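This is data.txt. It holds compact mmCIF, C-alpha atoms.
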```
# COMPACT_ATOMS: atom_id res chain seq x y z
CA MET M 1 -25.01 17.84 35.74
CA LEU M 2 -24.99 14.12 34.95
CA GLU M 3 -27.34 11.78 36.76
CA PRO M 4 -25.73 9.22 39.12
CA LEU M 5 -26.10 6.61 36.35
CA ASP M 6 -25.82 7.86 32.78
CA LYS M 7 -28.47 5.94 30.83
CA GLU M 8 -26.69 6.56 27.53
CA PHE M 9 -24.23 3.83 28.55
CA LEU M 10 -26.84 1.32 29.70
CA PHE M 11 -28.62 -1.46 27.82
CA ASP M 12 -31.87 -0.19 26.28
CA ALA M 13 -33.74 -3.00 24.54
CA GLN M 14 -36.51 -0.75 23.25
CA ALA M 15 -34.13 1.76 21.68
CA LEU M 16 -32.02 -0.96 20.08
CA ARG M 17 -35.17 -2.64 18.76
CA TYR M 18 -36.14 0.68 17.17
CA ALA M 19 -32.70 0.89 15.52
CA VAL M 20 -33.18 -2.58 14.04
CA GLU M 21 -36.66 -1.68 12.81
CA LEU M 22 -35.22 1.31 10.98
CA MET M 23 -32.85 -1.05 9.16
CA GLY M 24 -35.85 -2.78 7.62
CA GLN M 25 -37.53 0.37 6.33
CA GLN M 26 -37.48 1.68 2.78
CA PHE M 27 -36.53 5.35 2.47
CA ALA M 28 -37.38 7.58 -0.47
CA PRO M 29 -34.37 9.18 -2.22
CA ASP M 30 -35.63 12.67 -1.29
CA SER M 31 -35.97 11.85 2.42
CA ARG M 32 -32.31 12.41 3.28
CA VAL M 33 -31.63 14.96 5.99
CA VAL M 34 -29.09 17.75 6.08
CA VAL M 35 -26.61 17.26 8.89
CA PRO M 36 -25.91 20.54 10.75
CA PRO M 37 -22.80 22.23 9.34
CA LYS M 38 -21.63 23.09 12.85
CA LEU M 39 -21.62 21.07 16.05
CA PRO M 40 -24.91 21.79 17.86
CA GLU M 41 -24.67 23.32 21.30
CA ASP M 42 -27.49 21.10 22.59
CA GLY M 43 -28.14 17.56 21.41
CA VAL M 44 -31.46 16.30 20.08
CA GLY M 45 -31.25 12.95 21.87
CA SER M 46 -30.28 9.48 20.69
CA LEU M 47 -33.65 8.31 19.36
CA LYS M 48 -34.26 11.52 17.44
CA THR M 49 -30.72 11.30 16.04
CA LEU M 50 -31.36 7.77 14.76
CA GLU M 51 -34.63 8.89 13.22
CA ARG M 52 -32.90 11.76 11.42
CA LEU M 53 -29.84 9.81 10.31
CA ALA M 54 -31.63 6.69 9.03
CA PRO M 55 -32.88 8.16 5.71
CA SER M 56 -29.33 9.25 4.84
CA VAL M 57 -27.23 6.43 6.29
CA LEU M 58 -29.60 3.57 5.43
CA GLY M 59 -31.49 5.09 2.52
CA GLY M 60 -28.56 6.78 0.82
CA ALA M 61 -26.21 3.82 0.76
CA MET M 62 -25.70 1.31 -2.03
CA HIS M 63 -27.30 -1.94 -0.87
CA LEU M 64 -24.71 -4.57 -1.66
CA GLY M 65 -27.12 -7.48 -1.32
CA ASP M 66 -29.53 -6.25 -3.99
CA ALA M 67 -30.28 -8.51 -6.94
CA LYS M 68 -28.29 -6.28 -9.31
CA ALA M 69 -25.29 -5.61 -7.02
CA PHE M 70 -22.54 -7.15 -9.13
CA ALA M 71 -19.98 -4.40 -9.57
CA HIS M 72 -17.34 -4.26 -6.87
CA LYS M 73 -15.46 -6.51 -4.44
CA ASP M 74 -17.64 -5.31 -1.58
CA PRO M 75 -20.06 -8.07 -0.55
CA PRO M 76 -23.17 -7.96 1.58
CA THR M 77 -22.60 -9.13 5.14
CA PRO M 78 -24.57 -11.92 6.88
CA TRP M 79 -26.82 -10.84 9.71
CA VAL M 80 -24.82 -12.80 12.30
CA THR M 81 -21.99 -10.30 11.72
CA TRP M 82 -24.37 -7.40 12.39
CA ALA M 83 -25.27 -8.91 15.75
CA THR M 84 -21.69 -9.66 16.79
CA THR M 85 -20.50 -6.24 15.61
CA LEU M 86 -23.15 -4.73 17.87
CA TRP M 87 -21.82 -6.87 20.72
CA ASN M 88 -18.31 -5.65 19.96
CA ALA M 89 -19.40 -2.02 20.02
CA SER M 90 -21.12 -2.49 23.36
CA LEU M 91 -17.97 -4.00 24.93
CA ASN M 92 -15.27 -1.96 23.15
CA GLN M 93 -12.56 -4.50 23.93
CA ASN M 94 -8.93 -3.74 23.18
CA LEU M 95 -6.87 -6.75 22.14
CA LEU M 96 -3.66 -4.87 22.92
CA HIS M 97 -4.10 -5.84 26.57
CA PRO M 98 -4.73 -9.53 27.42
CA GLU M 99 -6.36 -8.63 30.71
CA THR M 100 -9.06 -6.50 29.01
CA ALA M 101 -9.93 -8.91 26.20
CA PRO M 102 -8.92 -12.48 27.10
CA VAL M 103 -11.76 -14.19 25.23
CA ALA M 104 -11.52 -11.92 22.18
CA ARG M 105 -7.79 -12.60 21.88
CA GLN M 106 -8.44 -16.32 22.11
CA MET M 107 -11.09 -16.08 19.39
CA GLU M 108 -8.68 -14.30 17.04
CA GLU M 109 -6.17 -17.10 17.61
CA THR M 110 -8.91 -19.66 16.92
CA VAL M 111 -9.91 -18.01 13.63
CA LEU M 112 -6.27 -18.07 12.50
CA ASP M 113 -5.97 -21.71 13.61
CA TRP M 114 -9.02 -22.53 11.49
CA LEU M 115 -7.94 -20.70 8.34
CA CYS M 116 -4.13 -20.87 8.19
CA PRO M 117 -3.94 -24.57 7.24
CA TYR M 118 -5.80 -23.87 3.98
CA PHE M 119 -2.89 -21.64 2.97
CA GLY M 120 -0.05 -23.71 4.40
CA MET M 121 0.65 -21.03 7.01
CA GLN M 122 1.35 -21.49 10.74
CA GLY M 123 -0.41 -18.46 12.16
CA GLY M 124 -0.75 -14.71 12.04
CA HIS M 125 -3.02 -11.91 13.17
CA MET M 126 -5.79 -9.63 11.97
CA THR M 127 -5.44 -6.14 10.51
CA PRO M 128 -7.99 -3.52 9.39
CA GLY M 129 -7.54 -4.38 5.71
CA SER M 130 -5.24 -5.99 3.18
CA SER M 131 -3.26 -2.77 2.67
CA ALA M 132 -2.15 -3.02 6.30
CA ALA M 133 -1.67 -6.78 5.89
CA ASN M 134 0.57 -6.25 2.84
CA LEU M 135 2.59 -3.60 4.64
CA THR M 136 3.01 -5.96 7.60
CA ALA M 137 4.25 -8.73 5.31
CA CYS M 138 6.77 -6.47 3.60
CA TRP M 139 7.95 -5.22 6.99
CA ALA M 140 8.48 -8.82 8.13
CA ALA M 141 10.35 -9.53 4.89
CA ARG M 142 12.71 -6.63 5.55
CA GLU M 143 13.36 -7.73 9.13
CA CYS M 144 13.53 -11.50 8.59
CA ALA M 145 15.14 -11.76 5.14
CA ASP M 146 17.01 -8.43 4.94
CA VAL M 147 15.42 -7.61 1.60
CA LYS M 148 16.33 -4.38 -0.15
CA GLU M 149 13.62 -4.25 -2.78
CA ILE M 150 10.09 -5.35 -3.50
CA VAL M 151 9.36 -6.94 -6.87
CA ALA M 152 5.75 -7.19 -8.05
CA SER M 153 3.74 -7.05 -11.24
CA GLU M 154 2.63 -3.73 -12.66
CA ALA M 155 -0.91 -4.85 -11.84
CA ALA M 156 -0.14 -5.36 -8.15
CA HIS M 157 -2.30 -3.46 -5.67
CA LEU M 158 -1.08 0.06 -4.98
CA SER M 159 -0.53 -0.89 -1.32
CA ILE M 160 2.57 -2.84 -2.40
CA LYS M 161 4.25 0.24 -3.83
CA LYS M 162 3.12 2.19 -0.78
CA ALA M 163 4.71 -0.41 1.47
CA ALA M 164 8.02 -0.12 -0.36
CA HIS M 165 7.92 3.66 0.03
CA ILE M 166 7.07 3.53 3.74
CA LEU M 167 9.74 0.90 4.47
CA GLY M 168 12.48 2.63 2.47
CA LEU M 169 12.74 -0.24 0.00
CA ALA M 170 13.20 -0.03 -3.75
CA PHE M 171 10.21 -1.06 -5.86
CA ARG M 172 10.48 -2.87 -9.18
CA ALA M 173 7.42 -3.44 -11.38
CA VAL M 174 7.30 -6.38 -13.78
CA ARG M 175 5.07 -6.34 -16.85
CA VAL M 176 1.99 -8.51 -17.16
CA ASP M 177 0.82 -10.79 -19.95
CA SER M 178 -2.46 -10.63 -21.87
CA THR M 179 -4.35 -12.22 -18.97
CA GLY M 180 -3.08 -9.63 -16.48
CA ALA M 181 -0.68 -12.01 -14.69
CA LEU M 182 2.99 -11.32 -13.99
CA CYS M 183 5.40 -12.42 -16.75
CA PRO M 184 7.87 -14.82 -15.05
CA GLN M 185 10.45 -14.38 -17.82
CA ASP M 186 10.73 -10.69 -16.95
CA LEU M 187 11.68 -11.26 -13.32
CA PRO M 188 15.20 -10.24 -12.26
CA LYS M 189 17.60 -13.17 -12.34
CA ASP M 190 18.87 -12.42 -8.85
CA LEU M 191 16.12 -12.23 -6.22
CA SER M 192 18.38 -13.01 -3.26
CA ARG M 193 17.75 -9.56 -1.73
CA SER M 194 14.17 -9.22 -2.94
CA ALA M 195 10.68 -9.72 -1.62
CA LEU M 196 8.62 -11.12 -4.47
CA VAL M 197 4.93 -10.23 -4.22
CA LEU M 198 2.56 -12.45 -6.18
CA THR M 199 -1.08 -11.46 -6.60
CA SER M 200 -3.92 -13.94 -6.39
CA GLY M 201 -6.72 -11.92 -7.91
CA THR M 202 -5.58 -8.57 -9.30
CA THR M 203 -7.73 -5.52 -8.64
CA SER M 204 -8.65 -4.78 -12.24
CA VAL M 205 -9.26 -8.20 -13.80
CA GLY M 206 -8.82 -10.79 -11.04
CA ALA M 207 -5.73 -12.36 -12.64
CA LEU M 208 -3.66 -14.98 -10.85
CA ASP M 209 0.12 -14.72 -10.83
CA SER M 210 1.90 -18.09 -11.04
CA LEU M 211 2.36 -19.37 -7.51
CA GLY M 212 4.96 -21.76 -8.84
CA LEU M 213 7.29 -18.77 -8.41
CA ALA M 214 6.96 -18.91 -4.62
CA GLY M 215 10.34 -19.56 -3.05
CA ARG M 216 12.43 -18.01 -5.83
CA ALA M 217 13.13 -14.86 -3.82
CA ALA M 218 14.49 -14.19 -0.35
CA TRP M 219 10.86 -13.77 0.71
CA THR M 220 7.63 -14.50 -1.16
CA HIS M 221 4.42 -12.75 -0.18
CA VAL M 222 1.07 -13.58 -1.78
CA ASP M 223 -1.47 -10.79 -1.88
CA ALA M 224 -4.57 -12.98 -1.91
CA ALA M 225 -6.86 -10.20 -0.72
CA TRP M 226 -9.51 -11.11 -3.27
CA GLY M 227 -8.83 -14.65 -4.47
CA GLY M 228 -7.55 -16.22 -1.26
CA PRO M 229 -10.86 -17.71 -0.03
CA LEU M 230 -10.94 -19.93 -3.14
CA ARG M 231 -8.62 -22.16 -1.09
CA LEU M 232 -11.66 -23.24 0.93
CA THR M 233 -13.66 -24.19 -2.17
CA CYS M 234 -13.66 -26.70 -5.02
CA TYR M 235 -11.47 -24.17 -6.87
CA ALA M 236 -8.61 -24.50 -4.35
CA ASN M 237 -6.18 -25.75 -7.00
CA ARG M 238 -6.29 -22.37 -8.74
CA LEU M 239 -4.03 -21.23 -5.91
CA SER M 240 -1.79 -24.30 -5.80
CA GLY M 241 1.67 -23.37 -4.55
CA ILE M 242 0.48 -20.72 -2.11
CA GLU M 243 1.70 -23.00 0.70
CA HIS M 244 5.29 -22.29 -0.37
CA ALA M 245 4.98 -18.55 0.28
CA ASP M 246 6.41 -16.93 3.40
CA SER M 247 3.32 -14.81 3.99
CA VAL M 248 -0.24 -14.50 2.71
CA ALA M 249 -2.74 -11.64 3.02
CA VAL M 250 -6.51 -12.12 2.72
CA SER M 251 -9.23 -9.47 2.97
CA SER M 252 -11.97 -10.82 5.21
CA HIS M 253 -14.21 -7.97 4.08
CA LYS M 254 -14.19 -9.28 0.54
CA TRP M 255 -14.95 -12.98 -0.09
CA LEU M 256 -15.19 -13.80 3.62
CA PHE M 257 -18.25 -11.52 3.76
CA GLN M 258 -17.12 -9.51 6.79
CA PRO M 259 -17.87 -5.91 7.76
CA LYS M 260 -15.05 -3.49 7.15
CA GLU M 261 -12.35 -3.34 8.40
CA SER M 262 -11.16 -6.93 8.56
CA ALA M 263 -8.20 -8.78 7.04
CA LEU M 264 -5.70 -11.54 7.82
CA ILE M 265 -1.93 -11.62 7.58
CA MET M 266 -0.55 -15.16 7.84
CA PHE M 267 3.03 -16.43 8.06
CA ARG M 268 4.66 -19.78 7.31
CA ASN M 269 7.07 -19.20 10.23
CA VAL M 270 4.85 -17.19 12.51
CA ALA M 271 7.15 -17.21 15.53
CA LYS M 272 10.03 -15.68 13.58
CA ALA M 273 7.84 -13.13 11.79
CA HIS M 274 5.96 -12.01 14.89
CA GLU M 275 9.16 -11.67 16.91
CA ALA M 276 10.65 -9.49 14.16
CA ILE M 277 7.69 -7.08 14.13
CA SER M 278 7.04 -6.86 17.89
CA PHE M 279 7.68 -4.01 20.26
CA GLY M 280 7.43 -3.93 24.04
CA GLY M 281 6.49 -1.07 26.33
CA SER M 282 6.34 -0.34 30.04
CA TYR M 283 2.54 -0.27 29.88
CA LEU M 284 2.28 -3.66 28.12
CA SER M 285 2.14 -7.07 29.76
CA GLU M 286 3.01 -8.68 26.41
CA PRO M 287 4.84 -7.32 23.34
CA ASN M 288 2.72 -5.53 20.76
CA ILE M 289 2.79 -7.46 17.46
CA GLY M 290 2.44 -5.74 14.09
CA LEU M 291 1.40 -2.29 12.94
CA LEU M 292 -1.53 -1.71 15.27
CA GLY M 293 -1.55 -0.71 18.88
CA SER M 294 -5.13 -0.79 20.06
CA HIS M 295 -7.42 -2.91 17.94
CA GLY M 296 -10.89 -4.32 18.33
CA ALA M 297 -12.41 -7.78 18.31
CA THR M 298 -12.90 -8.08 14.54
CA ALA M 299 -12.33 -11.83 14.73
CA ILE M 300 -15.62 -12.38 16.56
CA PRO M 301 -17.94 -11.67 13.57
CA LEU M 302 -15.67 -13.81 11.38
CA LEU M 303 -15.65 -16.66 13.87
CA ALA M 304 -19.44 -16.42 14.25
CA MET M 305 -19.99 -16.64 10.50
CA LEU M 306 -17.55 -19.51 10.02
CA TRP M 307 -19.03 -21.43 12.93
CA SER M 308 -22.52 -20.77 11.61
CA TRP M 309 -21.83 -21.80 8.02
CA GLY M 310 -18.87 -24.18 8.33
CA ARG M 311 -16.35 -24.51 5.52
CA ALA M 312 -18.95 -26.10 3.26
CA GLY M 313 -21.41 -23.24 3.76
CA LEU M 314 -18.75 -20.64 2.96
CA ALA M 315 -17.58 -22.63 -0.07
CA LYS M 316 -21.13 -22.96 -1.38
CA ARG M 317 -21.57 -19.18 -1.46
CA ILE M 318 -18.20 -18.44 -3.05
CA GLU M 319 -18.67 -21.19 -5.63
CA HIS M 320 -22.07 -19.75 -6.49
CA CYS M 321 -20.41 -16.37 -7.14
CA VAL M 322 -17.83 -18.02 -9.40
CA GLN M 323 -20.57 -19.83 -11.31
CA MET M 324 -22.52 -16.60 -11.82
CA ALA M 325 -19.42 -14.92 -13.23
CA ASP M 326 -18.82 -17.88 -15.55
CA THR M 327 -22.44 -17.70 -16.73
CA LEU M 328 -22.10 -14.01 -17.55
CA ALA M 329 -18.77 -14.53 -19.31
CA GLN M 330 -20.20 -17.38 -21.37
CA HIS M 331 -23.14 -15.21 -22.41
CA LEU M 332 -20.94 -12.27 -23.40
CA SER M 333 -18.52 -14.50 -25.32
CA LYS M 334 -21.42 -15.53 -27.58
CA ASP M 335 -22.77 -12.02 -28.13
CA PHE M 336 -21.36 -10.56 -31.36
CA ARG M 337 -21.82 -7.05 -29.94
CA ALA M 338 -19.46 -7.67 -27.02
CA GLU M 339 -15.73 -8.26 -26.63
CA LEU M 340 -14.72 -10.33 -23.60
CA LEU M 341 -11.25 -9.56 -22.24
CA GLY M 342 -10.76 -13.17 -21.19
CA GLN M 343 -12.30 -15.97 -19.16
CA PRO M 344 -12.66 -14.97 -15.50
CA GLN M 345 -10.06 -16.50 -13.19
CA THR M 346 -11.52 -15.27 -9.91
CA ALA M 347 -15.12 -14.28 -10.74
CA ILE M 348 -14.32 -10.90 -12.30
CA VAL M 349 -15.80 -10.41 -15.77
CA VAL M 350 -14.32 -7.69 -17.98
CA TRP M 351 -15.77 -6.77 -21.37
CA ARG M 352 -16.68 -3.88 -23.64
CA PRO M 353 -18.87 -3.30 -26.68
CA ARG M 354 -17.27 -3.95 -30.07
CA GLN M 355 -17.95 -0.28 -30.75
CA VAL M 356 -15.57 0.84 -28.02
CA HIS M 357 -16.73 4.46 -28.07
CA LEU M 358 -20.00 3.26 -26.52
CA VAL M 359 -18.45 2.17 -23.20
CA GLU M 360 -19.32 5.35 -21.29
CA GLN M 361 -22.81 5.44 -22.78
CA ILE M 362 -23.48 1.86 -21.70
CA ILE M 363 -22.13 2.43 -18.20
CA LYS M 364 -24.44 5.42 -17.74
CA GLN M 365 -27.46 3.33 -18.77
CA LEU M 366 -26.68 0.32 -16.58
CA PRO M 367 -28.43 0.34 -13.19
CA VAL M 368 -26.24 1.43 -10.29
CA GLY M 369 -24.51 -1.56 -8.74
CA ILE M 370 -24.27 -3.80 -11.80
CA ALA M 371 -20.93 -2.66 -13.16
CA SER M 372 -17.91 -0.41 -12.75
CA THR M 373 -15.26 0.76 -15.18
CA VAL M 374 -11.63 -0.22 -15.30
CA THR M 375 -8.79 1.15 -17.45
CA ILE M 376 -6.51 -1.38 -19.15
CA ASN M 377 -3.74 -0.19 -21.46
CA ASN M 378 -5.33 3.29 -21.43
CA GLU M 379 -8.67 1.92 -22.64
CA LYS M 380 -11.94 1.77 -20.72
CA TRP M 381 -13.60 -1.58 -20.07
CA ILE M 382 -16.70 -2.65 -18.14
CA ARG M 383 -16.15 -4.81 -15.07
CA HIS M 384 -18.51 -7.04 -13.08
CA THR M 385 -17.31 -8.54 -9.79
CA ALA M 386 -19.25 -11.45 -8.34
CA ALA M 387 -19.14 -10.79 -4.61
CA ASN M 388 -22.87 -10.96 -3.86
CA PRO M 389 -24.39 -14.47 -3.49
CA ASN M 390 -27.86 -12.91 -3.75
CA ALA M 391 -27.25 -11.36 -7.16
CA ASP M 392 -29.73 -12.41 -9.85
CA ILE M 393 -27.57 -13.25 -12.84
CA ALA M 394 -30.60 -13.57 -15.13
CA GLN M 395 -31.69 -10.01 -14.30
CA ILE M 396 -28.15 -8.74 -14.82
CA ILE M 397 -27.88 -10.40 -18.25
CA ASP M 398 -31.31 -9.02 -19.19
CA GLU M 399 -30.21 -5.49 -18.27
CA ILE M 400 -27.05 -5.78 -20.36
CA ASN M 401 -29.00 -7.18 -23.32
CA LEU M 402 -31.57 -4.43 -23.08
CA ILE M 403 -28.93 -1.71 -23.21
CA LEU M 404 -26.97 -3.36 -26.02
CA ASP M 405 -30.22 -3.58 -27.99
CA ARG M 406 -30.74 0.17 -27.54
CA THR M 407 -27.21 1.29 -28.46
```

For this file, write the structure as structure tokens.
Amino acid sequence: MLEPLDKEFLFDAQALRYAVELMGQQFAPDSRVVVPPKLPEDGVGSLKTLERLAPSVLGGAMHLGDAKAFAHKDPPTPWVTWATTLWNASLNQNLLHPETAPVARQMEETVLDWLCPYFGMQGGHMTPGSSAANLTACWAARECADVKEIVASEAAHLSIKKAAHILGLAFRAVRVDSTGALCPQDLPKDLSRSALVLTSGTTSVGALDSLGLAGRAAWTHVDAAWGGPLRLTCYANRLSGIEHADSVAVSSHKWLFQPKESALIMFRNVAKAHEAISFGGSYLSEPNIGLLGSHGATAIPLLAMLWSWGRAGLAKRIEHCVQMADTLAQHLSKDFRAELLGQPQTAIVVWRPRQVHLVEQIIKQLPVGIASTVTINNEKWIRHTAANPNADIAQIIDEINLILDRT
């Protein structure tokens, strides 16, 4: 029988302090525990559970802030987001209902008010990721512009094709050029019933589609999941023309350094778009906008980080990532043993050894976290993604040199 006040739901400073202390410990690779294959009849208690889980959850994960973490678009997160995520978990607010989360709703609106002007957008809302943001944009395009097909490059994120399938729209892929960007000359002549999706930072190589194409179709959406935050930096002109799009998606859990799952969908005419994708219900005091019903206060960690750093602080960290990628690309372009795919457009460096059969061998020798592989035209390449401001580019170059010397 439960006690009158269940302590598992009460603030416990000592227990939470212990959880934080575990985060700072180093765990040996062989210290991971085996989780019971079946649900235990009796629990072991919260502190014991933390003690048992820590070696696996904390010790078994890839640490994205390590000096050699330079492989994927998954950045480390600043500690202020850890604290505010803990606050969110303790409150469990639901932004579906204004009366249960008035401040959290206001903070989401504030974050959009802060960021939308950099993209020429009026407003929007948050989603759990850019796949949901892209689907939301395509849904708005269908409702607002009566589009019948989605046109995107063959390098567009798979969520675009998924969105077309879910929404019952045709999907047309357009070939890309040698840089990985959409070929404008291959676009259909008539885009009056089309949603044109332009990518600002393709998944494989970080290519930028020409944003000068925005406005040529009934609806233009820019998938800026990766490259979008460049708009807040000295590299903003790389995304010139984005302000002419009808919608823009940005993954906050990429170059905005947020915990998963966090993304933004923004609209140039937010009132029209939100009205088109809203549904009411007898249990709602206000219409439900977008794909989600219940959703949490993911804007609070983002607001905390932006308030803490300011635009200049965010820009400094992104610009540092871009400069590290440029340094690596410059080094590889001068190494006769390496073939660089092209100069990085959004801090993604793609290369391979001149002896292409050595790609797999090199990948296996590189420390975990430095690189990943990507397939381009049925050929394997090595990819480095600069998402970690704490990466040590000198160490990374040394590791690559060492392995090229051995192979």

**OP:** Pick out the residues sitting within 8 Å of range 18-27 of chain M, and hand them over as a count of residues only; count all atoms listed in the file, and ignore anything fewer than 6 positions along from it in its own chain.
**Re:** 6

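One distance worth recording is that between CA of Leu95 in chain M and CA of Asp74 in chain M, which is 26.1 Å.
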
Subject >> CA of Trp114 in chain M to CA of His221 in chain M, distance in Å rounded to a single decimal >> reply: 20.3 Å

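Take the candidates M:Leu264, M:Ala236, M:Ala155, M:Leu198 and check each one against Asp177 in chain M using only C-alpha atoms; the shortest distance goes to M:Ala155.
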
Original post:
Need the neighbours of (-18.8, -5.6, -25.5): which residues are at most 6 Å away, counting only C-alpha atoms, as a list in words?
Top reply: Arg337, Ala338, Glu339, Trp351, Arg352, Pro353 and Arg354 of chain M

**OP:** For each of M:Val205, M:Ile396, M:Leu256, M:Leu64, take the minimum atom-to-atom distance to Ile382 in chain M, counting all atoms listed in the file, then give the residue where this is smallest.
**Re:** M:Val205

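The interatomic distance for the pair CA of Ala181 in chain M and CA of Val359 in chain M works out to 24.3 Å.
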
Contact table range 56-147 of chain M vs range 32-36 of chain M, cut-off 9 Å, shortest pair per residue, only C-alpha atoms, as JSON lines:
```
{"residue": "M:Ser56", "atom": "CA", "partner": "M:Arg32", "partner_atom": "CA", "distance": 4.6}
{"residue": "M:Val57", "atom": "CA", "partner": "M:Arg32", "partner_atom": "CA", "distance": 8.4}
{"residue": "M:Gly59", "atom": "CA", "partner": "M:Arg32", "partner_atom": "CA", "distance": 7.4}
{"residue": "M:Gly60", "atom": "CA", "partner": "M:Arg32", "partner_atom": "CA", "distance": 7.2}
```

With only C-alpha atoms counted and 10 Å as the cut-off, give the residues of range 47-80 of chain M in contact with range 290-309 of chain M, each with its shortest interatomic distance in Å and the pair that gives it, as CSV.
```
residue,atom,partner,partner_atom,distance
M:Thr77,CA,M:Met305,CA,9.6
M:Pro78,CA,M:Met305,CA,7.5
M:Trp79,CA,M:Met305,CA,9.0
M:Val80,CA,M:Met305,CA,6.4
```

Original post:
Nearest to Leu232 in chain M: which of M:Phe119, M:Phe336, M:Trp381, M:Phe9 is it, counting all atoms listed in the file?
Top reply: M:Phe119

**OP:** Find the residues around Pro184 in chain M up to 9 Å (all atoms listed in the file counted), leave out those fewer than 5 positions away in its own chain, and share them as a ChimeraX atom specification.
**Re:** /M:174,176,209-210,213

Please tell me which residues are no farther than 12 Å from (-1.2, -18.0, 6.1) in the file, counting all atoms listed in the file, and write them as a compact mmCIF listing (two decimals) with C-alpha atoms, keeping the file's coordinate frame.
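selection.txt, written as the output of this step:
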```txt
# COMPACT_ATOMS: atom_id res chain seq x y z
CA VAL M 111 -9.91 -18.01 13.63
CA LEU M 112 -6.27 -18.07 12.50
CA ASP M 113 -5.97 -21.71 13.61
CA TRP M 114 -9.02 -22.53 11.49
CA LEU M 115 -7.94 -20.70 8.34
CA CYS M 116 -4.13 -20.87 8.19
CA PRO M 117 -3.94 -24.57 7.24
CA TYR M 118 -5.80 -23.87 3.98
CA PHE M 119 -2.89 -21.64 2.97
CA GLY M 120 -0.05 -23.71 4.40
CA MET M 121 0.65 -21.03 7.01
CA GLN M 122 1.35 -21.49 10.74
CA GLY M 123 -0.41 -18.46 12.16
CA GLY M 124 -0.75 -14.71 12.04
CA HIS M 125 -3.02 -11.91 13.17
CA MET M 126 -5.79 -9.63 11.97
CA ALA M 133 -1.67 -6.78 5.89
CA ALA M 137 4.25 -8.73 5.31
CA THR M 220 7.63 -14.50 -1.16
CA HIS M 221 4.42 -12.75 -0.18
CA VAL M 222 1.07 -13.58 -1.78
CA ASP M 223 -1.47 -10.79 -1.88
CA ALA M 224 -4.57 -12.98 -1.91
CA ALA M 225 -6.86 -10.20 -0.72
CA GLY M 228 -7.55 -16.22 -1.26
CA PRO M 229 -10.86 -17.71 -0.03
CA ARG M 231 -8.62 -22.16 -1.09
CA ILE M 242 0.48 -20.72 -2.11
CA GLU M 243 1.70 -23.00 0.70
CA HIS M 244 5.29 -22.29 -0.37
CA ALA M 245 4.98 -18.55 0.28
CA ASP M 246 6.41 -16.93 3.40
CA SER M 247 3.32 -14.81 3.99
CA VAL M 248 -0.24 -14.50 2.71
CA ALA M 249 -2.74 -11.64 3.02
CA VAL M 250 -6.51 -12.12 2.72
CA ALA M 263 -8.20 -8.78 7.04
CA LEU M 264 -5.70 -11.54 7.82
CA ILE M 265 -1.93 -11.62 7.58
CA MET M 266 -0.55 -15.16 7.84
CA PHE M 267 3.03 -16.43 8.06
CA ARG M 268 4.66 -19.78 7.31
CA ASN M 269 7.07 -19.20 10.23
CA VAL M 270 4.85 -17.19 12.51
CA ALA M 273 7.84 -13.13 11.79
```

Original post:
Which residues, written as a count of residues only, have at least one atom at most 9 Å from Thr203 in chain M, with all atoms listed in the file counted and residues fewer than 6 positions away on the same chain left out?
Top reply: 5

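Minimum atom-to-atom distances from M:Val103, M:Lys7, M:Leu86, M:Glu108 to Ser262 in chain M were compared using all atoms listed in the file, and the lowest value belongs to M:Glu108.
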
Original post:
Got a sec: who's within 10 Å of Ala164 in chain M, counting all atoms listed in the file, leaving out chain neighbours fewer than 3 positions off, as JSON, numbers by chain?
Top reply: {"M": [135, 138, 139, 142, 148, 149, 150, 151, 159, 160, 161, 167, 168, 169, 170, 171, 172]}

Export C-alpha atoms of the chosen residues as a PDB file, keeping the file's coordinate frame?
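Below is the file that was written, selection11.pdb:
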```pdb
ATOM      1  CA  LEU M 135       2.590  -3.600   4.640  1.00  0.00           C
ATOM      2  CA  CYS M 138       6.770  -6.470   3.600  1.00  0.00           C
ATOM      3  CA  TRP M 139       7.950  -5.220   6.990  1.00  0.00           C
ATOM      4  CA  ARG M 142      12.710  -6.630   5.550  1.00  0.00           C
ATOM      5  CA  LYS M 148      16.330  -4.380  -0.150  1.00  0.00           C
ATOM      6  CA  GLU M 149      13.620  -4.250  -2.780  1.00  0.00           C
ATOM      7  CA  ILE M 150      10.090  -5.350  -3.500  1.00  0.00           C
ATOM      8  CA  VAL M 151       9.360  -6.940  -6.870  1.00  0.00           C
ATOM      9  CA  SER M 159      -0.530  -0.890  -1.320  1.00  0.00           C
ATOM     10  CA  ILE M 160       2.570  -2.840  -2.400  1.00  0.00           C
ATOM     11  CA  LYS M 161       4.250   0.240  -3.830  1.00  0.00           C
ATOM     12  CA  LEU M 167       9.740   0.900   4.470  1.00  0.00           C
ATOM     13  CA  GLY M 168      12.480   2.630   2.470  1.00  0.00           C
ATOM     14  CA  LEU M 169      12.740  -0.240   0.000  1.00  0.00           C
ATOM     15  CA  ALA M 170      13.200  -0.030  -3.750  1.00  0.00           C
ATOM     16  CA  PHE M 171      10.210  -1.060  -5.860  1.00  0.00           C
ATOM     17  CA  ARG M 172      10.480  -2.870  -9.180  1.00  0.00           C
TER      18      ARG M 172
END
```

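Among the candidates M:Gln361, M:Thr385, M:Asn288, M:Ser153, the one nearest to Asp326 in chain M when counting only C-alpha atoms is M:Thr385.
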
**OP:** Counting all atoms listed in the file, figure out which residue out of M:Ala69, M:Ala89, M:Val322, M:Val147 gets nearest to Ala391 in chain M.
**Re:** M:Ala69
